[in-house]
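Enquirer: File name model_28.csv; file contents CSV, C-alpha atoms; full text below.
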chain,number,residue,atom,x,y,z
A,1,MET,CA,65.4,269.8,-7.6
A,2,TRP,CA,65.9,272.0,-10.7
A,3,ARG,CA,69.2,273.4,-9.3
A,4,SER,CA,70.5,269.9,-8.5
A,5,LEU,CA,69.7,268.6,-11.9
A,6,ALA,CA,70.8,271.6,-14.0
A,7,PRO,CA,74.6,271.0,-14.0
A,8,ILE,CA,74.5,267.3,-15.1
A,9,GLY,CA,75.7,266.9,-18.6
A,10,ARG,CA,75.9,270.6,-19.4
A,11,ASN,CA,78.5,271.7,-21.9
A,12,ALA,CA,80.2,274.8,-20.7
A,13,ALA,CA,81.0,276.1,-24.2
A,14,SER,CA,77.5,275.8,-25.7
A,15,GLY,CA,75.4,276.1,-22.5
A,16,GLY,CA,73.4,273.1,-23.9
A,17,TYR,CA,73.1,269.5,-22.6
A,18,ARG,CA,74.8,266.4,-23.8
A,19,ARG,CA,73.0,263.7,-21.8
A,20,TYR,CA,73.4,260.7,-24.2
A,21,ALA,CA,72.2,257.2,-23.4
A,22,TRP,CA,74.5,255.0,-21.4
A,23,THR,CA,77.1,257.6,-20.9
A,24,GLU,CA,78.5,259.1,-17.7
A,25,ALA,CA,76.0,262.0,-17.9
A,26,ASP,CA,73.2,259.5,-18.3
A,27,ALA,CA,74.4,257.6,-15.2
A,28,ASP,CA,74.5,260.8,-13.2
A,29,CYS,CA,70.9,261.6,-14.3
A,30,ARG,CA,69.8,258.1,-13.2
A,31,LEU,CA,71.5,258.6,-9.8
A,32,TRP,CA,69.7,261.9,-9.5
A,33,PHE,CA,66.4,260.2,-10.2
A,34,ARG,CA,67.1,257.4,-7.6
A,35,MET,CA,68.0,260.0,-5.0
A,36,GLN,CA,64.9,262.0,-5.6
A,37,ALA,CA,62.7,258.9,-5.4
A,38,GLU,CA,64.4,257.5,-2.3
A,39,ALA,CA,64.1,260.9,-0.5
A,40,ARG,CA,60.3,260.5,-1.0
A,41,ARG,CA,60.3,257.0,0.3
A,42,LEU,CA,59.5,255.5,-3.2
A,43,ASP,CA,60.5,252.1,-4.3
A,44,VAL,CA,62.9,252.3,-7.2
A,45,GLU,CA,63.5,249.7,-9.9
A,46,THR,CA,65.1,249.6,-13.3
A,47,ASP,CA,63.2,247.4,-15.8
A,48,ARG,CA,64.8,245.1,-18.4
A,49,ASN,CA,65.0,247.9,-21.0
A,50,GLY,CA,66.8,250.5,-18.7
A,51,ASN,CA,63.7,252.5,-17.8
A,52,GLN,CA,63.6,253.7,-14.2
A,53,TRP,CA,60.4,253.5,-12.1
A,54,ALA,CA,59.7,255.0,-8.7
A,55,TRP,CA,56.6,253.4,-7.1
A,56,LEU,CA,54.2,254.5,-4.4
A,57,GLY,CA,52.1,251.5,-3.6
A,58,ASP,CA,52.2,247.9,-4.9
A,59,PRO,CA,53.5,247.8,-8.5
A,60,THR,CA,51.8,244.5,-9.1
A,61,ALA,CA,48.3,245.7,-7.9
A,62,GLY,CA,47.3,246.8,-11.4
A,63,ASP,CA,45.5,249.9,-12.7
A,64,ALA,CA,48.4,252.1,-11.7
A,65,VAL,CA,48.6,255.8,-12.6
A,66,VAL,CA,52.0,256.7,-14.1
A,67,THR,CA,53.6,260.0,-14.9
A,68,GLY,CA,57.1,261.2,-15.9
A,69,SER,CA,59.2,261.7,-19.0
A,70,HIS,CA,62.9,261.4,-19.8
A,71,LEU,CA,66.2,262.9,-18.8
A,72,ASP,CA,68.4,262.4,-21.8
A,73,SER,CA,68.9,265.1,-24.4
A,74,VAL,CA,69.7,265.9,-28.0
A,75,PRO,CA,73.1,267.3,-28.8
A,76,ASP,CA,73.4,270.7,-27.0
A,77,GLY,CA,69.7,270.4,-26.1
A,78,GLY,CA,67.8,272.6,-23.7
A,79,ALA,CA,67.1,272.2,-20.0
A,80,PHE,CA,63.3,271.6,-20.2
A,81,ASP,CA,62.7,269.0,-22.9
A,82,GLY,CA,62.1,265.8,-20.8
A,83,PRO,CA,63.5,266.9,-17.5
A,84,LEU,CA,60.5,269.3,-16.9
A,85,GLY,CA,58.2,266.3,-16.9
A,86,VAL,CA,60.3,264.3,-14.4
A,87,VAL,CA,60.9,267.2,-12.0
A,88,SER,CA,57.2,268.2,-12.3
A,89,ALA,CA,56.2,264.6,-11.5
A,90,PHE,CA,58.1,264.6,-8.2
A,91,ALA,CA,56.8,268.1,-7.4
A,92,ALA,CA,53.2,267.0,-8.1
A,93,LEU,CA,53.7,264.1,-5.6
A,94,ASP,CA,55.0,266.6,-3.0
A,95,GLU,CA,51.9,268.8,-3.7
A,96,LEU,CA,49.5,265.8,-3.3
A,97,ARG,CA,51.1,264.8,0.0
A,98,ALA,CA,50.8,268.4,1.2
A,99,ARG,CA,47.1,268.2,0.4
A,100,GLY,CA,46.9,265.1,2.6
A,101,VAL,CA,45.2,262.9,0.0
A,102,SER,CA,44.9,259.1,0.2
A,103,PHE,CA,45.9,257.1,-2.8
A,104,LYS,CA,43.5,254.4,-4.0
A,105,ARG,CA,45.7,253.3,-7.0
A,106,PRO,CA,49.4,252.7,-7.2
A,107,LEU,CA,51.3,255.7,-8.5
A,108,ALA,CA,54.6,255.6,-10.4
A,109,ILE,CA,57.1,258.2,-11.7
A,110,VAL,CA,59.1,257.0,-14.7
A,111,ASN,CA,62.3,258.1,-16.4
A,112,PHE,CA,62.3,256.5,-19.9
A,113,GLY,CA,65.7,255.7,-21.3
A,114,ASP,CA,67.1,257.0,-24.6
A,115,GLU,CA,64.0,259.0,-25.6
A,116,GLU,CA,65.9,261.4,-27.9
A,117,GLY,CA,67.9,258.9,-29.8
A,118,ALA,CA,70.9,261.2,-29.9
A,119,ARG,CA,73.4,258.4,-29.6
A,120,PHE,CA,72.0,255.5,-31.6
A,121,GLY,CA,69.8,257.4,-34.1
A,122,LEU,CA,66.4,256.0,-33.0
A,123,ALA,CA,64.1,257.9,-30.7
A,124,CYS,CA,62.2,256.4,-27.7
A,125,VAL,CA,64.3,253.2,-27.5
A,126,GLY,CA,63.3,252.5,-23.9
A,127,SER,CA,59.6,252.8,-24.5
A,128,ARG,CA,59.7,251.2,-27.9
A,129,LEU,CA,61.3,248.1,-26.5
A,130,THR,CA,58.9,247.9,-23.6
A,131,ALA,CA,55.9,248.2,-25.9
A,132,GLY,CA,57.3,245.6,-28.4
A,133,ARG,CA,57.7,248.2,-31.1
A,134,LEU,CA,61.4,247.6,-31.3
A,135,THR,CA,62.6,244.0,-31.3
A,136,LYS,CA,65.6,242.8,-29.5
A,137,GLU,CA,67.2,241.9,-32.8
A,138,GLN,CA,66.6,245.4,-34.2
A,139,ALA,CA,68.0,247.0,-31.0
A,140,TYR,CA,71.1,244.9,-31.3
A,141,GLU,CA,71.8,246.4,-34.7
A,142,LEU,CA,71.8,250.0,-33.4
A,143,ARG,CA,75.3,251.6,-33.4
A,144,ASP,CA,76.6,255.0,-32.4
A,145,ALA,CA,79.0,257.2,-34.4
A,146,ASP,CA,82.0,255.3,-33.0
A,147,GLY,CA,80.6,251.9,-34.0
A,148,ILE,CA,79.6,250.9,-30.4
A,149,THR,CA,76.5,248.8,-30.4
A,150,LEU,CA,73.6,249.4,-28.0
A,151,PRO,CA,74.3,246.1,-26.2
A,152,GLN,CA,78.0,247.1,-25.8
A,153,ALA,CA,77.0,250.5,-24.4
A,154,MET,CA,74.5,249.0,-22.0
A,155,GLU,CA,77.0,246.4,-20.8
A,156,ALA,CA,79.7,249.0,-20.3
A,157,ALA,CA,77.2,251.0,-18.1
A,158,GLY,CA,76.5,247.9,-15.9
A,159,TYR,CA,73.2,246.7,-17.5
A,160,ASP,CA,72.3,243.3,-19.0
A,161,PRO,CA,71.5,243.7,-22.7
A,162,ALA,CA,70.4,240.1,-22.9
A,163,ALA,CA,67.3,241.0,-20.9
A,164,ILE,CA,65.9,243.7,-23.2
A,165,GLY,CA,62.6,243.2,-25.0
A,166,ALA,CA,58.8,243.6,-24.9
A,167,ASP,CA,57.4,243.9,-21.4
A,168,PRO,CA,53.6,243.3,-21.7
A,169,GLU,CA,53.3,242.3,-18.0
A,170,ARG,CA,54.5,245.7,-16.9
A,171,LEU,CA,52.2,247.6,-19.3
A,172,ALA,CA,49.3,245.5,-18.1
A,173,ARG,CA,49.7,246.9,-14.6
A,174,ILE,CA,49.2,250.5,-15.9
A,175,GLY,CA,45.8,252.1,-16.1
A,176,ALA,CA,46.9,255.5,-17.4
A,177,PHE,CA,50.1,257.3,-18.3
A,178,VAL,CA,50.1,261.2,-18.3
A,179,GLU,CA,53.3,262.9,-19.5
A,180,LEU,CA,53.9,266.5,-18.9
A,181,HIS,CA,56.2,268.3,-21.3
A,182,VAL,CA,57.3,271.8,-22.3
A,183,GLU,CA,55.6,272.8,-25.5
A,184,GLN,CA,57.9,272.7,-28.5
A,185,GLY,CA,56.1,275.5,-30.3
A,186,ARG,CA,54.3,278.7,-29.6
A,187,ALA,CA,50.6,277.7,-29.6
A,188,LEU,CA,50.2,278.3,-25.9
A,189,ASP,CA,52.2,281.6,-26.1
A,190,LEU,CA,49.9,282.8,-28.8
A,191,SER,CA,46.7,281.8,-27.0
A,192,GLY,CA,47.9,283.2,-23.7
A,193,ASP,CA,47.5,279.9,-21.8
A,194,ALA,CA,50.0,278.5,-19.3
A,195,VAL,CA,49.0,274.8,-19.8
A,196,GLY,CA,47.4,272.8,-22.6
A,197,ILE,CA,46.3,269.3,-23.4
A,198,ALA,CA,47.7,267.3,-26.3
A,199,SER,CA,45.3,266.0,-28.9
A,200,SER,CA,47.6,264.1,-31.2
A,201,ILE,CA,51.2,263.6,-32.4
A,202,TRP,CA,51.8,264.2,-36.1
A,203,PRO,CA,53.0,261.2,-38.2
A,204,HIS,CA,56.7,261.5,-38.6
A,205,GLY,CA,59.8,259.5,-39.6
A,206,ARG,CA,63.5,259.6,-40.4
A,207,TRP,CA,65.0,258.6,-43.8
A,208,ARG,CA,68.7,258.2,-44.5
A,209,TYR,CA,69.9,259.4,-47.9
A,210,ASP,CA,73.2,257.9,-49.2
A,211,PHE,CA,74.6,259.9,-52.1
A,212,ALA,CA,77.7,258.0,-53.6
A,213,GLY,CA,80.0,259.8,-56.0
A,214,GLU,CA,83.7,259.7,-56.8
A,215,ALA,CA,86.4,261.1,-54.5
A,216,ASN,CA,88.9,263.4,-56.3
A,217,HIS,CA,91.2,266.3,-56.0
A,218,ALA,CA,89.4,269.6,-55.3
A,219,GLY,CA,92.0,271.7,-57.1
A,220,THR,CA,92.7,269.6,-60.2
A,221,THR,CA,89.4,268.0,-61.2
A,222,ARG,CA,87.5,270.0,-63.8
A,223,LEU,CA,83.9,270.8,-62.9
A,224,VAL,CA,82.6,268.9,-65.9
A,225,ASP,CA,84.5,265.8,-64.8
A,226,ARG,CA,83.2,265.6,-61.3
A,227,ARG,CA,80.8,263.2,-59.7
A,228,ASP,CA,80.2,265.3,-56.6
A,229,PRO,CA,77.5,263.9,-54.3
A,230,MET,CA,77.6,267.2,-52.2
A,231,LEU,CA,75.8,269.0,-55.1
A,232,THR,CA,73.0,266.4,-55.2
A,233,TYR,CA,72.7,266.5,-51.4
A,234,ALA,CA,72.5,270.3,-51.5
A,235,GLU,CA,69.8,270.3,-54.2
A,236,THR,CA,67.8,267.7,-52.2
A,237,VAL,CA,67.9,269.8,-49.0
A,238,LEU,CA,66.3,272.7,-51.0
A,239,ALA,CA,63.8,270.3,-52.5
A,240,ALA,CA,62.8,269.2,-49.0
A,241,ARG,CA,62.1,272.8,-48.0
A,242,ARG,CA,59.9,273.3,-51.2
A,243,GLU,CA,58.0,270.1,-50.7
A,244,ALA,CA,57.3,270.9,-47.0
A,245,GLU,CA,56.0,274.4,-47.9
A,246,LEU,CA,53.7,273.0,-50.5
A,247,ALA,CA,52.2,270.4,-48.1
A,248,GLY,CA,52.0,272.6,-45.0
A,249,ALA,CA,54.4,270.3,-43.3
A,250,VAL,CA,58.0,270.4,-42.0
A,251,ALA,CA,61.0,268.6,-43.4
A,252,THR,CA,64.6,268.9,-42.2
A,253,PHE,CA,68.0,267.6,-43.1
A,254,GLY,CA,69.7,268.2,-39.8
A,255,LYS,CA,72.5,265.6,-39.8
A,256,ILE,CA,75.2,264.9,-42.3
A,257,ALA,CA,78.2,262.6,-42.7
A,258,VAL,CA,80.8,263.1,-45.4
A,259,GLU,CA,83.6,260.9,-46.7
A,260,PRO,CA,86.5,261.4,-46.8
A,261,ASN,CA,85.6,264.8,-45.2
A,262,GLY,CA,88.7,266.6,-46.5
A,263,VAL,CA,88.6,270.3,-47.2
A,264,ASN,CA,90.5,269.8,-50.5
A,265,ALA,CA,88.7,266.6,-51.5
A,266,ILE,CA,85.6,266.1,-53.5
A,267,PRO,CA,83.5,263.7,-51.4
A,268,SER,CA,83.0,260.1,-52.3
A,269,LEU,CA,79.9,259.8,-50.1
A,270,VAL,CA,77.5,262.2,-48.5
A,271,ARG,CA,75.0,260.7,-46.1
A,272,GLY,CA,72.1,262.9,-44.9
A,273,TRP,CA,69.2,262.2,-42.6
A,274,LEU,CA,65.7,263.6,-43.5
A,275,ASP,CA,63.2,264.3,-40.7
A,276,ALA,CA,59.7,264.8,-42.0
A,277,ARG,CA,56.5,265.5,-40.2
A,278,ALA,CA,52.9,266.5,-41.2
A,279,ALA,CA,49.5,266.9,-39.6
A,280,ASP,CA,48.1,263.9,-41.6
A,281,GLN,CA,49.3,260.8,-43.3
A,282,GLY,CA,48.6,262.0,-46.9
A,283,SER,CA,50.6,265.2,-46.5
A,284,LEU,CA,53.5,263.3,-45.0
A,285,ASP,CA,53.5,260.8,-47.9
A,286,LYS,CA,53.4,263.6,-50.4
A,287,VAL,CA,56.4,265.3,-48.9
A,288,VAL,CA,58.5,262.1,-48.5
A,289,ALA,CA,57.7,261.0,-52.1
A,290,GLY,CA,58.4,264.4,-53.5
A,291,VAL,CA,61.8,264.7,-51.8
A,292,GLU,CA,62.9,261.3,-53.0
A,293,THR,CA,61.7,261.9,-56.6
A,294,ALA,CA,63.7,265.2,-56.7
A,295,ALA,CA,66.8,263.5,-55.2
A,296,ARG,CA,66.7,260.7,-57.8
A,297,GLU,CA,66.4,263.2,-60.6
A,298,TYR,CA,69.3,265.2,-59.3
A,299,ALA,CA,71.4,262.1,-58.8
A,300,GLU,CA,70.8,260.8,-62.3
A,301,ARG,CA,71.8,264.2,-63.7
A,302,HIS,CA,75.1,264.3,-61.8
A,303,GLY,CA,76.0,260.6,-62.1
A,304,ILE,CA,75.4,259.9,-58.4
A,305,ASP,CA,74.2,256.6,-57.0
A,306,LEU,CA,71.5,257.1,-54.4
A,307,ALA,CA,70.1,254.8,-51.7
A,308,VAL,CA,67.2,255.8,-49.5
A,309,VAL,CA,66.5,253.9,-46.2
A,310,GLN,CA,63.6,254.5,-43.8
A,311,GLU,CA,65.2,254.3,-40.4
A,312,SER,CA,62.1,255.0,-38.3
A,313,TYR,CA,58.5,255.8,-38.7
A,314,THR,CA,55.6,256.6,-36.3
A,315,PRO,CA,52.0,257.0,-37.6
A,316,ILE,CA,49.7,259.6,-36.3
A,317,VAL,CA,49.0,259.2,-32.6
A,318,ASP,CA,45.5,260.1,-31.4
A,319,PHE,CA,45.7,260.1,-27.6
A,320,SER,CA,43.0,258.3,-25.7
A,321,HIS,CA,39.9,260.4,-26.2
A,322,ALA,CA,38.4,259.3,-22.9
A,323,LEU,CA,41.5,260.2,-20.9
A,324,ARG,CA,41.9,263.4,-22.9
A,325,ASP,CA,38.3,264.4,-22.1
A,326,GLU,CA,38.9,263.5,-18.5
A,327,LEU,CA,41.8,265.8,-18.3
A,328,SER,CA,39.7,268.6,-19.9
A,329,ARG,CA,37.0,268.0,-17.3
A,330,ILE,CA,39.5,268.0,-14.4
A,331,LEU,CA,41.3,271.1,-15.5
A,332,GLY,CA,38.4,273.0,-17.0
A,333,THR,CA,36.8,274.2,-13.7
A,334,SER,CA,38.5,277.6,-14.1
A,335,GLY,CA,38.0,277.9,-17.8
A,336,LYS,CA,38.5,276.0,-21.0
A,337,VAL,CA,42.0,274.4,-21.5
A,338,PRO,CA,43.3,274.5,-25.0
A,339,VAL,CA,43.8,271.2,-26.8
A,340,LEU,CA,46.5,271.2,-29.4
A,341,GLY,CA,48.5,268.8,-31.7
A,342,THR,CA,52.2,268.5,-31.8
A,343,GLY,CA,54.9,267.6,-34.4
A,344,ALA,CA,57.2,266.2,-31.7
A,345,GLY,CA,57.4,262.6,-30.8
A,346,HIS,CA,57.1,261.4,-27.2
A,347,ASP,CA,57.2,258.2,-25.1
A,348,ALA,CA,53.5,258.8,-24.5
A,349,GLY,CA,52.9,258.4,-28.2
A,350,ILE,CA,54.8,255.1,-28.3
A,351,LEU,CA,52.8,253.7,-25.4
A,352,SER,CA,49.4,254.9,-26.7
A,353,GLU,CA,48.8,251.6,-28.6
A,354,SER,CA,49.2,249.6,-25.4
A,355,ILE,CA,47.7,251.8,-22.6
A,356,PRO,CA,45.6,254.9,-22.2
A,357,THR,CA,48.0,257.9,-22.5
A,358,ALA,CA,47.6,261.7,-22.3
A,359,MET,CA,49.9,264.7,-22.3
A,360,LEU,CA,50.0,268.1,-20.7
A,361,PHE,CA,52.0,271.0,-22.3
A,362,VAL,CA,53.6,273.9,-20.4
A,363,ARG,CA,53.9,277.2,-22.3
A,364,ASN,CA,57.2,277.9,-24.0
A,365,PRO,CA,57.4,281.7,-24.5
A,366,THR,CA,59.7,281.5,-27.5
A,367,GLY,CA,58.8,278.2,-29.0
A,368,VAL,CA,62.5,277.3,-29.2
A,369,SER,CA,63.3,273.7,-28.3
A,370,HIS,CA,66.2,271.3,-28.8
A,371,SER,CA,68.4,274.3,-28.1
A,372,PRO,CA,70.1,276.0,-25.1
A,373,ALA,CA,67.6,278.8,-25.6
A,374,GLU,CA,64.7,276.6,-24.7
A,375,SER,CA,62.8,278.1,-21.7
A,376,ALA,CA,59.7,278.3,-19.6
A,377,ALA,CA,58.7,280.8,-17.0
A,378,GLU,CA,58.7,279.6,-13.3
A,379,ASP,CA,55.1,280.6,-12.9
A,380,ASP,CA,54.1,278.5,-15.9
A,381,CYS,CA,56.1,275.6,-14.6
A,382,VAL,CA,54.3,275.9,-11.2
A,383,ALA,CA,51.0,276.0,-13.1
A,384,GLY,CA,52.0,272.8,-14.9
A,385,VAL,CA,52.9,271.1,-11.5
A,386,LEU,CA,49.5,272.1,-10.1
A,387,ALA,CA,47.6,270.9,-13.2
A,388,LEU,CA,49.5,267.6,-13.1
A,389,ALA,CA,48.7,267.3,-9.3
A,390,ASP,CA,45.0,267.9,-10.0
A,391,VAL,CA,45.0,265.2,-12.7
A,392,LEU,CA,46.9,262.7,-10.5
A,393,GLU,CA,44.6,263.3,-7.6
A,394,GLU,CA,41.5,262.7,-9.6
A,395,LEU,CA,42.9,259.6,-11.3
A,396,ALA,CA,44.7,258.0,-8.4
A,397,CYS,CA,42.9,259.2,-5.3
A,398,HIS,CA,39.2,259.3,-6.2
Hey, can you dump this file as structure tokens for me?

Expert:
Amino acid sequence: MWRSLAPIGRNAASGGYRRYAWTEADADCRLWFRMQAEARRLDVETDRNGNQWAWLGDPTAGDAVVTGSHLDSVPDGGAFDGPLGVVSAFAALDELRARGVSFKRPLAIVNFGDEEGARFGLACVGSRLTAGRLTKEQAYELRDADGITLPQAMEAAGYDPAAIGADPERLARIGAFVELHVEQGRALDLSGDAVGIASSIWPHGRWRYDFAGEANHAGTTRLVDRRDPMLTYAETVLAARREAELAGAVATFGKIAVEPNGVNAIPSLVRGWLDARAADQGSLDKVVAGVETAAREYAERHGIDLAVVQESYTPIVDFSHALRDELSRILGTSGKVPVLGTGAGHDAGILSESIPTAMLFVRNPTGVSHSPAESAAEDDCVAGVLALADVLEELACH
């Protein structure tokens, strides 16, 4: 499975993946998912929001156990973020069949669409729509860097954008969702454990900063006469680092757009996106407020107009304590399984308000993620599959 998936959407120059929503690479990933499901005699369907479901048993019976993750990527992302959860789900089903178990509840493997938000700038679009946390009207406003709207992209890929929206009937059929994911940090590496259980997802959000100045000639405009938004942006980037350090949080300006973007032109507009995350709401609020306050002070000093827009926000997610404790019980027969929080968002977090959700993490020896250097050892991946199989057996077969 891993070898058959690995070439899809891989960029030869960077070695990373560019599997963006509703592109050719996305279509190839969807075909791969369908082929894996059909090879296992599972019934495959694509819901109104573009999420793929592979069912064992009657989808309408209720109280289903669902596992899976996503197959899309960030720009030049790694091989494991998302795909490990999908591959492991199919492998766990293979393991359960090899054990000869009988299923008492329906089981489904899911591939959520557009989890990373790499194309349209909003993460977890497929699960947000399903859970009613993104309205149809809001989704229709999403555009990529080329100005193509989400509905246009879906239609070009052969899907009906008119059908998107909340899907409470589908969620009502699900009794539990367990997502396996490579850890995007080094907690398990430092503790020496192959597998861990998620406790919560840090509150996090994305804010767009628009710094508007005055375009001018880079060679003839005196420094004192300039209204250069790049200076204000640069000072704001440094302020974000300082505020994050003070609060024990993380804050990143990782995306930027410049107009007119000429090497010999002072910019008229610099647009930067802030990603901020913290272990608790108070710390996050402090960071976000501190960054904006500093940015406005710098902007006023340099004669720059500033607009700040919150593009997305997810409050702290505490996974179902009952389901989390159940996973600890199931996996704790050979020793205590570490429980850890994460600063990364996931579909499981989006769905947690609607259905009981839990997550398993597989050790990442370097902690590197969203990069071609992302990795996990084969033995640890196998340990993750066996842990997921044990969980699914207990939840769906007993």

Enquirer: Tell me which residues come within 12 Å of (47.8, 240.8, -10.7), as a ChimeraX atom specification, counting all atoms listed in the file in the file's coordinates.

Expert: /A:58-64,169-174

Enquirer: Give as a list in words every residue, naming chains and numbers as the document does, that has an atom within 6 Å of (52.7, 269.1, -11.4), counting only C-alpha atoms.

Expert: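 The residues near that point, listed by chain and number, are Ser88, Ala89, Ala91, Ala92, Gly384, Val385, Leu386, Ala387, Leu388 and Ala389 of chain A.
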
Enquirer: Would you list the contacts of segment 111-118 of chain A as a PyMOL selection string, taking every protein, DNA or RNA residue within 9 Å and counting only C-alpha atoms, but skipping same-chain residues closer than 3 positions in sequence?

Expert: chain A and resi 18-22+26+30+33+49-54+68-75+82-83+86+121-127+144+346-347

Enquirer: For the interface of segment 74-188 of chain A with segment 320-344 of chain A (cut-off 10 Å, counting all atoms listed in the file), please tabulate each contacting residue of segment 74-188 of chain A alongside its nearest pair of atoms and their separation in Å to one decimal, rows sorted by chain and increasing number, as a Markdown table.

Expert:
| residue | atom | partner | partner_atom | distance |
| --- | --- | --- | --- | --- |
| A:Ala176 | CA | A:Leu323 | CA | 8.0 |
| A:Phe177 | CA | A:Leu323 | CA | 9.4 |
| A:Val178 | CA | A:Leu323 | CA | 9.0 |
| A:Glu183 | CA | A:Thr342 | CA | 8.4 |
| A:Gln184 | CA | A:Ala344 | CA | 7.3 |
| A:Gly185 | CA | A:Thr342 | CA | 8.2 |
| A:Ala187 | CA | A:Leu340 | CA | 7.7 |
| A:Leu188 | CA | A:Pro338 | CA | 7.9 |

Enquirer: Pick out the residues sitting within 7 Å of Val317 of chain A, and hand them over as a PyMOL selection string; count all atoms listed in the file, and ignore anything fewer than 5 positions along from it in its own chain.

Expert: chain A and resi 200-202+349

Enquirer: Report, in Å with one decimal, the straight-line distance from atom CA of Ile316 of chain A to atom CA of Arg143 of chain A.

Expert: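 Between these atoms lies a distance of 27.0 Å.
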
Enquirer: Mind checking which residues fall within 8 Å of segment 369-374 of chain A, counting all atoms listed in the file, ignoring those fewer than 4 positions away in the same chain, and posting them as a ChimeraX atom specification?

Expert: /A:14-17,74-81,184-185,364

Enquirer: Mind giving me the straight-line distance from atom CA of Ile256 of chain A to atom CA of Leu231 of chain A in Å, one decimal?

Expert: 13.5 Å
